[in-house]
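Structure data follow from input35.txt (compact mmCIF, C-alpha atoms and all ligand atoms):
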```
# COMPACT_ATOMS: atom_id res chain seq x y z
CA MET S 1 -33.02 18.36 7.25
CA SER S 2 -31.37 17.92 3.86
CA HIS S 3 -31.44 15.17 1.24
CA LYS S 4 -27.99 14.31 0.01
CA GLY S 5 -27.93 11.81 -2.79
CA ALA S 6 -30.14 8.91 -1.74
CA GLU S 7 -30.04 9.56 1.98
CA THR S 8 -31.59 11.82 4.59
CA VAL S 9 -29.11 13.92 6.55
CA LEU S 10 -30.15 15.51 9.84
CA ASN S 11 -28.93 18.66 11.60
CA GLU S 12 -25.26 19.47 11.45
CA ARG S 13 -23.90 20.30 14.92
CA GLU S 14 -20.72 21.78 16.18
CA GLU S 15 -18.26 19.28 17.49
CA THR S 16 -17.58 19.79 21.14
CA THR S 17 -15.39 18.49 23.83
CA VAL S 18 -17.73 19.72 26.57
CA LEU S 19 -17.72 17.04 29.20
CA ASP S 20 -20.33 15.84 31.62
CA PRO S 21 -20.52 18.46 34.37
CA ARG S 22 -21.97 15.95 36.82
CA THR S 23 -18.72 14.05 37.01
CA ASP S 24 -17.33 16.79 39.27
CA ALA S 25 -20.14 16.34 41.75
CA LYS S 26 -19.47 13.21 43.74
CA PRO S 27 -22.39 11.84 45.70
CA ALA S 28 -21.59 11.41 49.35
CA GLY S 29 -22.12 8.45 51.65
CA ASP S 30 -22.25 4.70 51.48
CA PRO S 31 -24.10 2.90 48.75
CA THR S 32 -27.69 3.16 49.87
CA LYS S 33 -29.10 0.92 47.20
CA ALA S 34 -27.19 -2.30 46.87
CA LEU S 35 -27.94 -3.90 43.55
CA LYS S 36 -29.77 -7.19 43.61
CA PRO S 37 -28.75 -9.93 41.19
CA VAL S 38 -30.55 -9.70 37.87
CA MET S 39 -32.03 -12.77 36.18
CA LEU S 40 -31.72 -12.90 32.42
CA GLY S 41 -33.93 -15.89 31.79
CA ASP S 42 -32.31 -18.67 33.79
CA ILE S 43 -28.98 -16.85 34.00
CA GLU S 44 -28.18 -15.01 37.19
CA VAL S 45 -26.00 -11.93 36.86
CA LYS S 46 -24.90 -11.74 40.48
CA THR S 47 -23.41 -8.26 40.25
CA PRO S 48 -25.51 -6.47 37.61
CA VAL S 49 -22.62 -4.49 36.24
CA VAL S 50 -22.13 -4.82 32.50
CA LEU S 51 -19.05 -4.26 30.40
CA SER S 52 -20.83 -2.54 27.53
CA PRO S 53 -19.91 -3.91 24.10
CA MET S 54 -17.22 -1.87 22.39
CA ALA S 55 -16.01 -2.70 18.90
CA GLY S 56 -12.26 -3.21 18.85
CA VAL S 57 -12.11 -3.24 22.65
CA THR S 58 -14.27 -5.90 24.33
CA ASN S 59 -12.75 -8.98 22.76
CA TRP S 60 -12.00 -11.87 25.13
CA PRO S 61 -8.60 -10.63 26.38
CA PHE S 62 -10.12 -7.40 27.70
CA ARG S 63 -13.20 -9.14 29.05
CA VAL S 64 -11.01 -11.59 30.95
CA LEU S 65 -9.10 -8.72 32.59
CA CYS S 66 -12.34 -7.00 33.62
CA GLU S 67 -13.78 -10.24 34.98
CA GLU S 68 -10.62 -10.93 36.98
CA TYR S 69 -10.94 -7.60 38.78
CA GLY S 70 -14.70 -7.70 39.26
CA PRO S 71 -16.20 -11.14 38.83
CA ASN S 72 -19.91 -12.01 38.53
CA GLY S 73 -20.90 -9.23 36.13
CA LEU S 74 -21.78 -9.44 32.45
CA TYR S 75 -19.01 -8.78 29.92
CA VAL S 76 -20.39 -8.36 26.42
CA ALA S 77 -18.39 -9.08 23.27
CA GLU S 78 -18.12 -6.39 20.62
CA MET S 79 -20.84 -6.41 18.00
CA ILE S 80 -20.82 -9.07 15.33
CA THR S 81 -22.43 -8.33 12.01
CA ALA S 82 -25.08 -10.98 11.42
CA ARG S 83 -24.34 -11.12 7.73
CA ALA S 84 -20.62 -11.72 8.39
CA LEU S 85 -21.44 -14.51 10.84
CA VAL S 86 -23.77 -16.14 8.34
CA ALA S 87 -21.01 -15.90 5.71
CA LYS S 88 -18.57 -17.48 8.23
CA ASN S 89 -16.26 -14.51 7.83
CA PRO S 90 -13.03 -15.40 9.73
CA LYS S 91 -12.78 -11.99 11.40
CA ALA S 92 -16.34 -12.30 12.71
CA LEU S 93 -15.69 -15.85 13.91
CA ARG S 94 -12.62 -14.67 15.83
CA LEU S 95 -14.79 -12.11 17.64
CA CYS S 96 -17.14 -14.90 18.71
CA ARG S 97 -14.46 -16.67 20.73
CA PHE S 98 -14.59 -16.85 24.51
CA ALA S 99 -11.96 -17.69 27.09
CA PRO S 100 -12.60 -20.84 29.12
CA THR S 101 -12.82 -18.73 32.29
CA GLU S 102 -15.74 -16.62 31.04
CA LYS S 103 -18.78 -17.61 33.07
CA ILE S 104 -21.50 -16.03 30.90
CA ARG S 105 -20.67 -16.03 27.22
CA SER S 106 -22.33 -12.87 25.97
CA LEU S 107 -22.48 -12.05 22.24
CA GLN S 108 -23.89 -8.99 20.52
CA LEU S 109 -25.45 -9.21 17.07
CA TYR S 110 -26.03 -6.39 14.63
CA GLY S 111 -28.18 -6.44 11.52
CA VAL S 112 -31.23 -4.94 9.81
CA ASP S 113 -32.61 -7.91 7.92
CA PRO S 114 -34.80 -10.10 10.15
CA ALA S 115 -34.09 -13.17 8.01
CA ILE S 116 -30.31 -12.73 8.29
CA MET S 117 -30.59 -11.99 12.02
CA GLU S 118 -32.61 -15.17 12.42
CA GLN S 119 -29.98 -17.16 10.53
CA ALA S 120 -27.21 -15.67 12.68
CA ALA S 121 -29.15 -16.54 15.84
CA ARG S 122 -29.65 -20.07 14.51
CA ILE S 123 -25.86 -20.42 14.06
CA VAL S 124 -25.29 -19.20 17.62
CA VAL S 125 -27.89 -21.58 19.03
CA ASP S 126 -27.03 -24.68 16.99
CA ASN S 127 -23.31 -24.33 17.68
CA ASP S 128 -23.69 -23.46 21.36
CA MET S 129 -21.75 -20.24 20.80
CA ALA S 130 -23.21 -18.10 23.60
CA ASP S 131 -25.23 -18.06 26.82
CA HIS S 132 -26.72 -14.62 26.19
CA VAL S 133 -27.40 -12.58 23.06
CA ASP S 134 -27.59 -8.80 23.02
CA LEU S 135 -28.95 -6.90 20.01
CA ASN S 136 -27.38 -3.67 18.87
CA PHE S 137 -29.86 -0.84 18.32
CA GLY S 138 -27.55 1.87 19.61
CA CYS S 139 -24.81 2.30 17.04
CA PRO S 140 -24.69 5.94 15.82
CA VAL S 141 -22.00 5.50 13.18
CA PRO S 142 -23.05 6.94 9.77
CA LYS S 143 -21.97 3.78 7.93
CA VAL S 144 -24.57 1.91 10.00
CA THR S 145 -27.41 4.43 10.35
CA ARG S 146 -27.44 5.37 6.66
CA ARG S 147 -28.44 1.75 6.08
CA GLY S 148 -31.19 1.92 8.68
CA GLY S 149 -29.17 -0.04 11.24
CA GLY S 150 -28.15 0.50 14.87
CA SER S 151 -29.87 3.46 16.48
CA ALA S 152 -31.82 4.27 13.29
CA LEU S 153 -33.69 0.96 13.32
CA PRO S 154 -36.10 1.41 16.27
CA TRP S 155 -37.72 4.28 14.33
CA LYS S 156 -39.26 1.58 12.15
CA THR S 157 -41.32 -0.17 14.78
CA ASP S 158 -42.40 -3.02 12.49
CA LEU S 159 -38.85 -3.91 11.51
CA PHE S 160 -37.55 -3.51 15.06
CA GLY S 161 -40.22 -5.85 16.42
CA GLU S 162 -39.56 -8.38 13.70
CA VAL S 163 -35.79 -8.45 14.25
CA VAL S 164 -36.20 -8.81 18.01
CA GLY S 165 -39.02 -11.34 17.76
CA ARG S 166 -37.24 -13.64 15.32
CA VAL S 167 -34.02 -13.70 17.34
CA VAL S 168 -35.92 -14.26 20.60
CA GLU S 169 -37.80 -17.16 19.06
CA VAL S 170 -34.68 -18.96 17.83
CA CYS S 171 -32.73 -18.30 21.04
CA GLY S 172 -35.73 -19.45 23.07
CA GLU S 173 -35.24 -22.98 21.75
CA LYS S 174 -32.20 -23.27 24.03
CA ASP S 175 -33.37 -20.81 26.70
CA ILE S 176 -30.79 -18.24 25.66
CA PRO S 177 -31.94 -14.84 26.94
CA VAL S 178 -31.96 -11.95 24.49
CA THR S 179 -31.55 -8.30 25.45
CA ALA S 180 -31.76 -5.10 23.40
CA LYS S 181 -29.42 -2.13 23.61
CA ILE S 182 -31.08 1.12 22.55
CA ARG S 183 -30.57 4.90 22.54
CA VAL S 184 -33.13 7.61 23.36
CA GLY S 185 -33.86 8.14 19.68
CA ILE S 186 -32.50 9.65 16.51
CA ASP S 187 -32.78 13.16 17.93
CA HIS S 188 -35.17 14.77 20.41
CA ASP S 189 -37.79 15.31 17.69
CA HIS S 190 -37.60 11.64 16.82
CA GLU S 191 -37.37 9.73 20.08
CA THR S 192 -37.81 5.97 19.96
CA PHE S 193 -36.95 4.51 23.36
CA HIS S 194 -40.47 4.36 24.83
CA GLU S 195 -41.86 2.27 21.97
CA ALA S 196 -38.63 0.31 21.57
CA GLY S 197 -38.60 -0.62 25.27
CA HIS S 198 -42.21 -1.81 25.14
CA ILE S 199 -41.75 -3.71 21.89
CA ALA S 200 -38.59 -5.39 23.24
CA GLN S 201 -40.52 -6.43 26.34
CA GLU S 202 -43.52 -7.70 24.35
CA GLU S 203 -41.29 -9.65 21.98
CA GLY S 204 -39.68 -11.46 24.91
CA CYS S 205 -36.45 -9.63 25.68
CA ALA S 206 -35.07 -10.40 29.12
CA ALA S 207 -33.84 -6.82 29.67
CA VAL S 208 -33.01 -3.62 27.85
CA THR S 209 -30.03 -1.31 28.14
CA LEU S 210 -30.62 2.38 27.53
CA HIS S 211 -27.73 4.61 26.49
CA ALA S 212 -29.47 7.86 27.31
CA ARG S 213 -28.27 9.88 24.34
CA THR S 214 -29.73 10.29 20.86
CA THR S 215 -27.93 9.39 17.65
CA ALA S 216 -27.42 13.12 17.01
CA GLU S 217 -25.76 13.47 20.40
CA TYR S 218 -23.39 10.66 19.46
CA TYR S 219 -20.99 10.80 22.46
CA GLY S 220 -21.30 14.56 23.11
CA GLY S 221 -22.93 16.39 26.03
CA HIS S 222 -24.06 13.91 28.62
CA SER S 223 -26.26 10.90 28.98
CA ASP S 224 -29.62 12.13 30.34
CA TRP S 225 -30.24 9.70 33.14
CA SER S 226 -33.79 11.01 33.68
CA ARG S 227 -34.70 9.08 30.52
CA ILE S 228 -33.44 5.91 32.19
CA THR S 229 -35.78 6.63 35.13
CA GLU S 230 -38.68 6.98 32.67
CA LEU S 231 -37.99 3.59 31.15
CA VAL S 232 -37.48 1.92 34.53
CA ASP S 233 -40.91 3.23 35.56
CA GLU S 234 -42.57 1.98 32.39
CA LEU S 235 -41.18 -1.51 31.91
CA ASP S 236 -41.53 -4.72 33.89
CA ILE S 237 -38.26 -6.20 32.61
CA PRO S 238 -34.92 -5.01 34.07
CA VAL S 239 -33.42 -1.84 32.62
CA PHE S 240 -29.66 -1.36 32.58
CA GLY S 241 -28.61 2.28 32.61
CA ASN S 242 -25.78 3.36 30.35
CA GLY S 243 -23.79 6.48 29.70
CA ASP S 244 -21.12 8.44 31.51
CA ILE S 245 -20.15 6.13 34.32
CA TRP S 246 -16.49 6.97 34.83
CA GLY S 247 -16.05 5.69 38.36
CA ALA S 248 -17.83 3.84 41.15
CA ASP S 249 -19.44 7.05 42.46
CA ASP S 250 -21.12 7.61 39.11
CA ALA S 251 -22.50 4.07 39.16
CA GLN S 252 -23.87 4.62 42.64
CA ALA S 253 -25.44 7.92 41.57
CA MET S 254 -27.05 6.34 38.50
CA VAL S 255 -28.60 3.55 40.56
CA GLU S 256 -29.86 5.98 43.18
CA GLN S 257 -31.23 8.48 40.67
CA THR S 258 -32.85 6.09 38.21
CA GLY S 259 -33.66 2.91 40.10
CA CYS S 260 -32.09 0.93 37.25
CA ALA S 261 -31.54 -2.78 37.81
CA GLY S 262 -27.93 -2.56 36.74
CA VAL S 263 -25.35 -0.37 35.06
CA ALA S 264 -23.48 -0.74 31.77
CA ILE S 265 -20.05 0.81 31.36
CA GLY S 266 -18.24 1.52 28.13
CA ARG S 267 -15.57 4.20 27.82
CA GLY S 268 -14.98 4.40 31.57
CA ALA S 269 -13.56 0.89 31.44
CA GLN S 270 -11.15 1.53 28.58
CA GLY S 271 -7.65 1.19 29.97
CA ARG S 272 -9.17 0.62 33.41
CA PRO S 273 -10.32 -2.99 33.86
CA TRP S 274 -9.94 -2.49 37.64
CA LEU S 275 -13.06 -0.30 37.52
CA PHE S 276 -14.95 -3.61 37.78
CA GLY S 277 -13.12 -4.25 41.05
CA ASP S 278 -14.24 -0.83 42.30
CA LEU S 279 -17.83 -1.61 41.29
CA LYS S 280 -17.75 -5.01 42.94
CA ASN S 281 -16.55 -3.29 46.12
CA LEU S 282 -19.13 -0.51 45.83
CA PHE S 283 -22.07 -2.85 45.55
CA ALA S 284 -20.69 -5.05 48.32
CA GLY S 285 -20.72 -1.97 50.57
CA SER S 286 -16.94 -1.54 50.63
CA SER S 287 -15.24 1.83 50.06
CA GLU S 288 -12.03 0.19 48.86
CA ARG S 289 -10.97 1.46 45.40
CA PHE S 290 -8.12 0.68 43.03
CA ASN S 291 -5.58 3.40 42.36
CA PRO S 292 -2.86 1.43 40.60
CA THR S 293 0.73 2.59 40.41
CA LEU S 294 2.31 2.96 37.00
CA ALA S 295 4.16 -0.32 37.63
CA GLU S 296 0.83 -2.09 38.17
CA VAL S 297 -0.62 -0.49 35.07
CA CYS S 298 2.39 -1.66 33.05
CA THR S 299 1.96 -5.20 34.41
CA THR S 300 -1.65 -5.10 33.19
CA ILE S 301 -0.56 -3.75 29.79
CA ARG S 302 1.92 -6.65 29.48
CA ARG S 303 -0.68 -9.22 30.46
CA HIS S 304 -3.24 -7.69 28.10
CA ALA S 305 -0.66 -7.90 25.29
CA GLU S 306 0.03 -11.57 26.06
CA LEU S 307 -3.68 -12.40 25.97
CA MET S 308 -4.01 -10.45 22.72
CA THR S 309 -1.20 -12.54 21.26
CA GLU S 310 -3.25 -15.63 22.08
CA PHE S 311 -6.33 -13.96 20.59
CA TYR S 312 -4.36 -13.46 17.36
CA ASP S 313 -3.19 -17.09 17.39
CA GLY S 314 0.37 -16.21 18.37
CA ASP S 315 0.79 -13.25 16.00
CA GLU S 316 2.68 -10.85 18.32
CA ASN S 317 2.90 -8.16 15.72
CA MET S 318 -0.88 -8.00 15.24
CA ALA S 319 -1.38 -8.17 18.99
CA VAL S 320 1.02 -5.39 19.92
CA ARG S 321 -0.28 -3.16 17.12
CA ASP S 322 -3.85 -3.69 18.30
CA MET S 323 -2.67 -2.84 21.81
CA ARG S 324 -1.76 0.71 20.77
CA LYS S 325 -5.23 2.12 21.36
CA HIS S 326 -5.41 0.29 24.69
CA VAL S 327 -2.01 1.59 25.79
CA ALA S 328 -3.12 5.15 25.06
CA CYS S 329 -6.08 4.54 27.41
CA TYR S 330 -4.00 2.83 30.09
CA LEU S 331 -1.54 5.74 30.19
CA LYS S 332 -4.18 8.47 30.08
CA GLY S 333 -3.60 10.88 32.95
CA TYR S 334 -0.19 9.51 33.96
CA PRO S 335 2.67 11.98 33.58
CA VAL S 336 4.21 10.04 30.71
CA GLY S 337 5.89 12.22 28.09
CA GLY S 338 5.32 12.31 24.35
CA LYS S 339 8.55 10.45 23.56
CA VAL S 340 7.58 7.47 25.70
CA ARG S 341 4.03 7.40 24.31
CA LYS S 342 5.46 7.45 20.78
CA ALA S 343 7.77 4.55 21.65
CA PHE S 344 4.74 2.55 22.82
CA MET S 345 2.96 3.33 19.56
CA GLU S 346 5.92 2.04 17.56
CA CYS S 347 6.24 -1.32 19.35
CA ASP S 348 5.70 -4.36 17.18
CA SER S 349 6.69 -7.25 19.46
CA LEU S 350 6.34 -8.31 23.09
CA ALA S 351 10.12 -7.87 23.57
CA GLY S 352 9.84 -4.34 22.19
CA LEU S 353 6.96 -3.68 24.57
CA ASP S 354 9.02 -4.95 27.52
CA ALA S 355 11.87 -2.59 26.61
CA VAL S 356 9.54 0.42 26.41
CA ILE S 357 7.84 -0.52 29.70
CA ALA S 358 11.25 -0.74 31.43
CA ALA S 359 12.29 2.64 30.03
CA THR S 360 8.96 4.19 31.06
CA LEU S 361 9.20 2.96 34.64
CA ASP S 362 12.80 4.24 34.82
CA GLU S 363 11.84 7.65 33.54
CA VAL S 364 8.54 8.23 35.34
CA GLY S 365 8.91 6.07 38.44
CA PRO S 366 7.11 2.81 39.15
CA GLU S 367 5.22 4.20 42.17
CA THR S 368 3.61 7.05 40.24
CA THR S 369 -0.18 7.13 40.64
CA LEU S 370 -2.89 9.08 38.85
CA PRO S 371 -3.31 12.66 40.04
CA GLU S 372 -6.59 13.07 41.93
CA ARG S 373 -7.97 15.50 39.33
CA VAL S 374 -7.96 12.90 36.54
CA VAL S 375 -9.22 9.86 38.46
CA ASP S 376 -12.72 8.91 37.25
CA LYS S 377 -12.89 11.67 34.64
CA PRO S 378 -14.41 11.34 31.15
CA ARG S 379 -12.23 9.58 28.60
CA GLY S 380 -12.53 8.30 25.04
CA ARG S 381 -15.04 9.66 22.54
CA VAL S 382 -16.85 12.82 23.67
CA ARG S 383 -18.23 14.42 20.49
CA PHE S 384 -21.60 15.26 18.99
CA ALA S 385 -22.42 13.78 15.60
CA LYS S 386 -21.45 16.05 12.75
CA LYS S 387 -24.52 14.81 10.88
CA VAL S 388 -26.99 11.99 11.24
CA HIS S 389 -27.20 9.96 8.07
CA LEU S 390 -30.36 7.97 7.42
CA PRO S 391 -31.84 6.18 4.44
CA TYR S 392 -33.70 8.62 2.20
CA GLY S 393 -37.16 9.42 3.58
CA TRP S 394 -36.56 7.30 6.70
CA LEU S 395 -38.39 9.69 9.02
CA ASP S 396 -41.52 10.00 6.88
CA SER S 397 -43.19 6.99 8.48
CA ARG S 398 -42.73 4.74 11.53
CA THR S 399 -43.13 1.61 9.42
CA THR S 400 -41.25 0.26 6.43
CA THR S 401 -42.59 -0.07 2.93
CA HIS S 402 -41.82 -3.10 0.79
CA ALA S 403 -39.51 -1.00 -1.41
CA GLU S 404 -37.68 0.35 1.64
CA ARG S 405 -37.06 -3.14 2.94
CA GLU S 406 -35.76 -4.36 -0.40
CA ALA S 407 -33.33 -1.46 -0.59
CA LEU S 408 -32.19 -1.93 3.02
CA PHE S 409 -31.63 -5.63 2.93
CA GLY S 410 -29.66 -5.50 -0.31
CA ASP S 411 -27.39 -2.91 1.29
CA ASP S 412 -26.76 -4.63 4.64
CA PRO S 413 -22.98 -4.43 5.12
CA MET S 414 -20.66 -7.29 6.04
CA ASP S 415 -18.50 -5.05 8.15
CA ALA S 416 -20.41 -2.55 10.24
CA SER S 417 -17.68 -1.79 12.73
CA TYR S 418 -17.72 1.36 14.89
C1 LIG P 501 -14.98 2.57 20.76
C2 LIG P 501 -16.41 2.23 21.04
C3 LIG P 501 -16.97 1.11 20.45
C4 LIG P 501 -18.30 0.79 20.70
N1 LIG P 501 -18.83 -0.35 20.15
C5 LIG P 501 -20.10 -0.73 20.47
C6 LIG P 501 -20.63 -1.97 20.01
O1 LIG P 501 -19.95 -2.76 19.34
N2 LIG P 501 -21.92 -2.26 20.34
C7 LIG P 501 -22.69 -1.41 21.10
O2 LIG P 501 -23.86 -1.71 21.37
N3 LIG P 501 -22.20 -0.24 21.56
C8 LIG P 501 -20.92 0.11 21.28
N4 LIG P 501 -20.41 1.26 21.81
C9 LIG P 501 -21.23 2.06 22.74
C10 LIG P 501 -20.96 1.65 24.18
O3 LIG P 501 -21.31 0.30 24.42
C11 LIG P 501 -21.75 2.53 25.18
O4 LIG P 501 -23.12 2.36 24.94
C12 LIG P 501 -21.42 4.00 25.03
O5 LIG P 501 -20.03 4.20 24.94
C13 LIG P 501 -21.99 4.81 26.21
O6 LIG P 501 -21.52 4.31 27.43
P1 LIG P 501 -20.28 4.99 28.21
O7 LIG P 501 -20.63 6.41 28.48
O8 LIG P 501 -20.14 4.17 29.45
O9 LIG P 501 -19.10 4.90 27.30
C14 LIG P 501 -19.09 1.61 21.54
C15 LIG P 501 -18.52 2.76 22.12
C16 LIG P 501 -17.20 3.06 21.88
C17 LIG P 501 -16.60 4.27 22.54
```
Can I see the file as structure tokens?
Amino acid sequence: MSHKGAETVLNEREETTVLDPRTDAKPAGDPTKALKPVMLGDIEVKTPVVLSPMAGVTNWPFRVLCEEYGPNGLYVAEMITARALVAKNPKALRLCRFAPTEKIRSLQLYGVDPAIMEQAARIVVDNDMADHVDLNFGCPVPKVTRRGGGSALPWKTDLFGEVVGRVVEVCGEKDIPVTAKIRVGIDHDHETFHEAGHIAQEEGCAAVTLHARTTAEYYGGHSDWSRITELVDELDIPVFGNGDIWGADDAQAMVEQTGCAGVAIGRGAQGRPWLFGDLKNLFAGSSERFNPTLAEVCTTIRRHAELMTEFYDGDENMAVRDMRKHVACYLKGYPVGGKVRKAFMECDSLAGLDAVIAATLDEVGPETTLPERVVDKPRGRVRFAKKVHLPYGWLDSRTTTHAEREALFGDDPMDASY
């Protein structure tokens, strides 16, 4: 451990692109454990499959696409910084919007100051902005953890309990269920999930989601599902398992191995909203799976871009630019050459996008499908943290001092994006 300036910096690790070895081993057979609906307070999640919140990804256009393929799950909005919501920051307010078709409006809040979190929850409740509130205690990004937020926060059990408790109390006025999303800990010498799970349950959370990696593991290695089993065995409230579900078989394996009440999927859904269709089929006992042709993928890209244009209040340029990261995910694994990919990245209007789609289909062939070897394989971020940044002296005690709180709350950022 080293102290750099006014922060604590944990173990530097090699970056790696080593992927989850289990994804090559497909479990055989029919789903043996169909998932039962999960109740979050009075809300029934009929198919307990969650689109895990992803900053810059799970805004309403993407959620709508996922819900169209696999209805009756839970599709969580990307995290909203409590302080930004309290300040009525326009960008934060945009992220709070839902499409009229969304059945369960699910928001995620992030913050370290219980008073600001309570104010943000009050805004959500008084303005009927959501049906469900998730709390982010999983973010590993240095900008967040160096301020004691995200996955660093559960280390301070007093602060964690206070944040959860105050949000639960406010949301309880309108029977809005609150859930907590946590990681295993900061690293394996500083695990937090056992206490965090129990505190969340005691403070009235309706469920917890465990991303079974530590902050230090970031997105590297693999999610250790045995930790999900441990939490399932310990808690009375439902536990959603998270980490490394790339296809329906992985979801089935996680449910069978851990006994979790439901599964949460992040990166595996990027550029693949039809994964929710596969999961709906899986848990309904059907072996039918989507393997879209390039033409179908391009139709989805076009529709996503249209919805994004609506999201940006008609600003096509903003929409198509924001689509670039999505397009890279949609095309991942298809034999689309560098020139075509570059053309997609340079689009700045829907007409431009149409022209590139037409050229792509001409060049590659509309009936092209994904080669077997890349279906359901890891995608997106796959690295270990270079360093874990924490407030100075953070690990010295499991509770906060008055001075620590003052320093933290003064430093709570407006924009804590991933
Ligand atoms: C680009 C990106 C953005 C993310 N943003 C959030 C977020 O806003 N809130 C959150 O709780 N987790 C966030 N996560 C973490 C995911 O929700 C999920 O826990 C993690 O990716 C592990 O699940 P997976 O293996 O299915 O991807 C993000 C992950 C990625 C890759």
**Request:** Could you please extract the residues within 8 Å of ligand LIG 501 (chain P), counting all atoms listed in the file, and hand them back as a ChimeraX atom specification?
**Result:** /S:51-57,77-80,108,135-139,181-182,210-211,219,223,242-246,264-269,380-381,417-418
**Request:** Just the residues within 8 Å of stretch 166-168 of chain S, please, counting only C-alpha atoms, with nothing from its chain fewer than 6 positions along; format it as a PyMOL selection string.
**Result:** chain S and resi 114-115+117-118+121+177-178+203-205
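Atom CA of S:Val164 lies 20.2 Å from atom CA of S:Asn127.
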**Complete:** Pairwise distance, atom CA of S:Pro292 with atom CA of S:Gly262, equals 25.7 Å
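Atom CA of S:Arg83 is positioned 8.5 Å from atom CA of S:Tyr110.
With distances taken over all atoms listed in the file, S:Ala216 is the one residue among S:Val112, S:Val163, S:Ala295, S:Ala216 lying closest to S:His188.
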**Request:** Counting all atoms listed in the file, select every polymer residue within 8 Å of (-27.4, 9.1, 15.5) as defined in the file's coordinates, and provide the selection as JSON, numbers by chain.
**Result:** {"S": [139, 140, 141, 142, 145, 151, 152, 185, 186, 187, 214, 215, 216, 217, 218, 385, 387, 388, 389]}
**Request:** Using only C-alpha atoms, pick whichever of S:Met254, S:Val125, S:Ala343, S:Leu74 has the shortest atom-to-atom distance to S:Glu44.
**Result:**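 With only C-alpha atoms as the atom set, the closest residue is S:Leu74.
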Considering all atoms listed in the file, return as a PDB file with C-alpha atoms, in the frame of the given file whatever protein or nucleic-acid residues lie within 8 Å of S:Thr400, sequence-local ones (same chain, fewer than 6 positions apart) excluded.
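Contents of out.pdb, freshly written:
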```pdb
ATOM      1  CA  LYS S 156     -39.260   1.580  12.150  1.00  0.00           C
ATOM      2  CA  ASP S 158     -42.400  -3.020  12.490  1.00  0.00           C
ATOM      3  CA  LEU S 159     -38.850  -3.910  11.510  1.00  0.00           C
TER       4      LEU S 159
END
```
**Item:** Option closest in space to S:Thr209, from S:Asp348, S:Gly221, S:Thr179, S:His194 [counting only C-alpha atoms]
**Value:**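 Comparing S:Asp348, S:Gly221, S:Thr179, S:His194 against S:Thr209, the winner is S:Thr179.
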**Message:** Please list as a VMD selection string every residue within 9 Å of S:Ala196, counting all atoms listed in the file and excluding residues in the same chain fewer than 3 positions away.
**Reply:** chain S and resid 154 to 155 157 160 to 161 180 182 192 to 193 199 to 201
**Message:** Ranking S:His304, S:His198, S:Arg147, S:Arg213 by minimum distance to S:Leu235 and counting only C-alpha atoms, which one comes first?
**Reply:**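 Distance minimum relative to S:Leu235 lands on S:His198.
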Write out N, CA and C atoms for stretch 390-401 of chain S, as a CSV table (one decimal), in the frame of the given file.
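Resulting contents of rebuild.csv:
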```csv
chain,number,residue,atom,x,y,z
S,390,LEU,N,-29.3,9.0,7.4
S,390,LEU,CA,-30.4,8.0,7.4
S,390,LEU,C,-30.7,7.6,6.0
S,391,PRO,N,-31.4,6.5,5.8
S,391,PRO,CA,-31.8,6.2,4.4
S,391,PRO,C,-32.8,7.3,4.0
S,392,TYR,N,-32.9,7.5,2.7
S,392,TYR,CA,-33.7,8.6,2.2
S,392,TYR,C,-35.2,8.4,2.6
S,393,GLY,N,-35.7,9.5,3.2
S,393,GLY,CA,-37.2,9.4,3.6
S,393,GLY,C,-37.5,8.6,4.8
S,394,TRP,N,-36.4,8.2,5.5
S,394,TRP,CA,-36.6,7.3,6.7
S,394,TRP,C,-37.6,7.8,7.7
S,395,LEU,N,-37.6,9.1,7.9
S,395,LEU,CA,-38.4,9.7,9.0
S,395,LEU,C,-39.8,9.9,8.6
S,396,ASP,N,-40.2,9.7,7.4
S,396,ASP,CA,-41.5,10.0,6.9
S,396,ASP,C,-42.6,9.1,7.5
S,397,SER,N,-42.2,7.9,7.9
S,397,SER,CA,-43.2,7.0,8.5
S,397,SER,C,-42.5,6.1,9.5
S,398,ARG,N,-43.3,5.6,10.5
S,398,ARG,CA,-42.7,4.7,11.5
S,398,ARG,C,-42.7,3.3,11.1
S,399,THR,N,-43.2,3.0,9.9
S,399,THR,CA,-43.1,1.6,9.4
S,399,THR,C,-42.4,1.6,8.1
S,400,THR,N,-42.0,0.4,7.7
S,400,THR,CA,-41.2,0.3,6.4
S,400,THR,C,-42.2,-0.1,5.3
S,401,THR,N,-41.9,0.4,4.1
S,401,THR,CA,-42.6,-0.1,2.9
S,401,THR,C,-41.8,-1.3,2.4
```
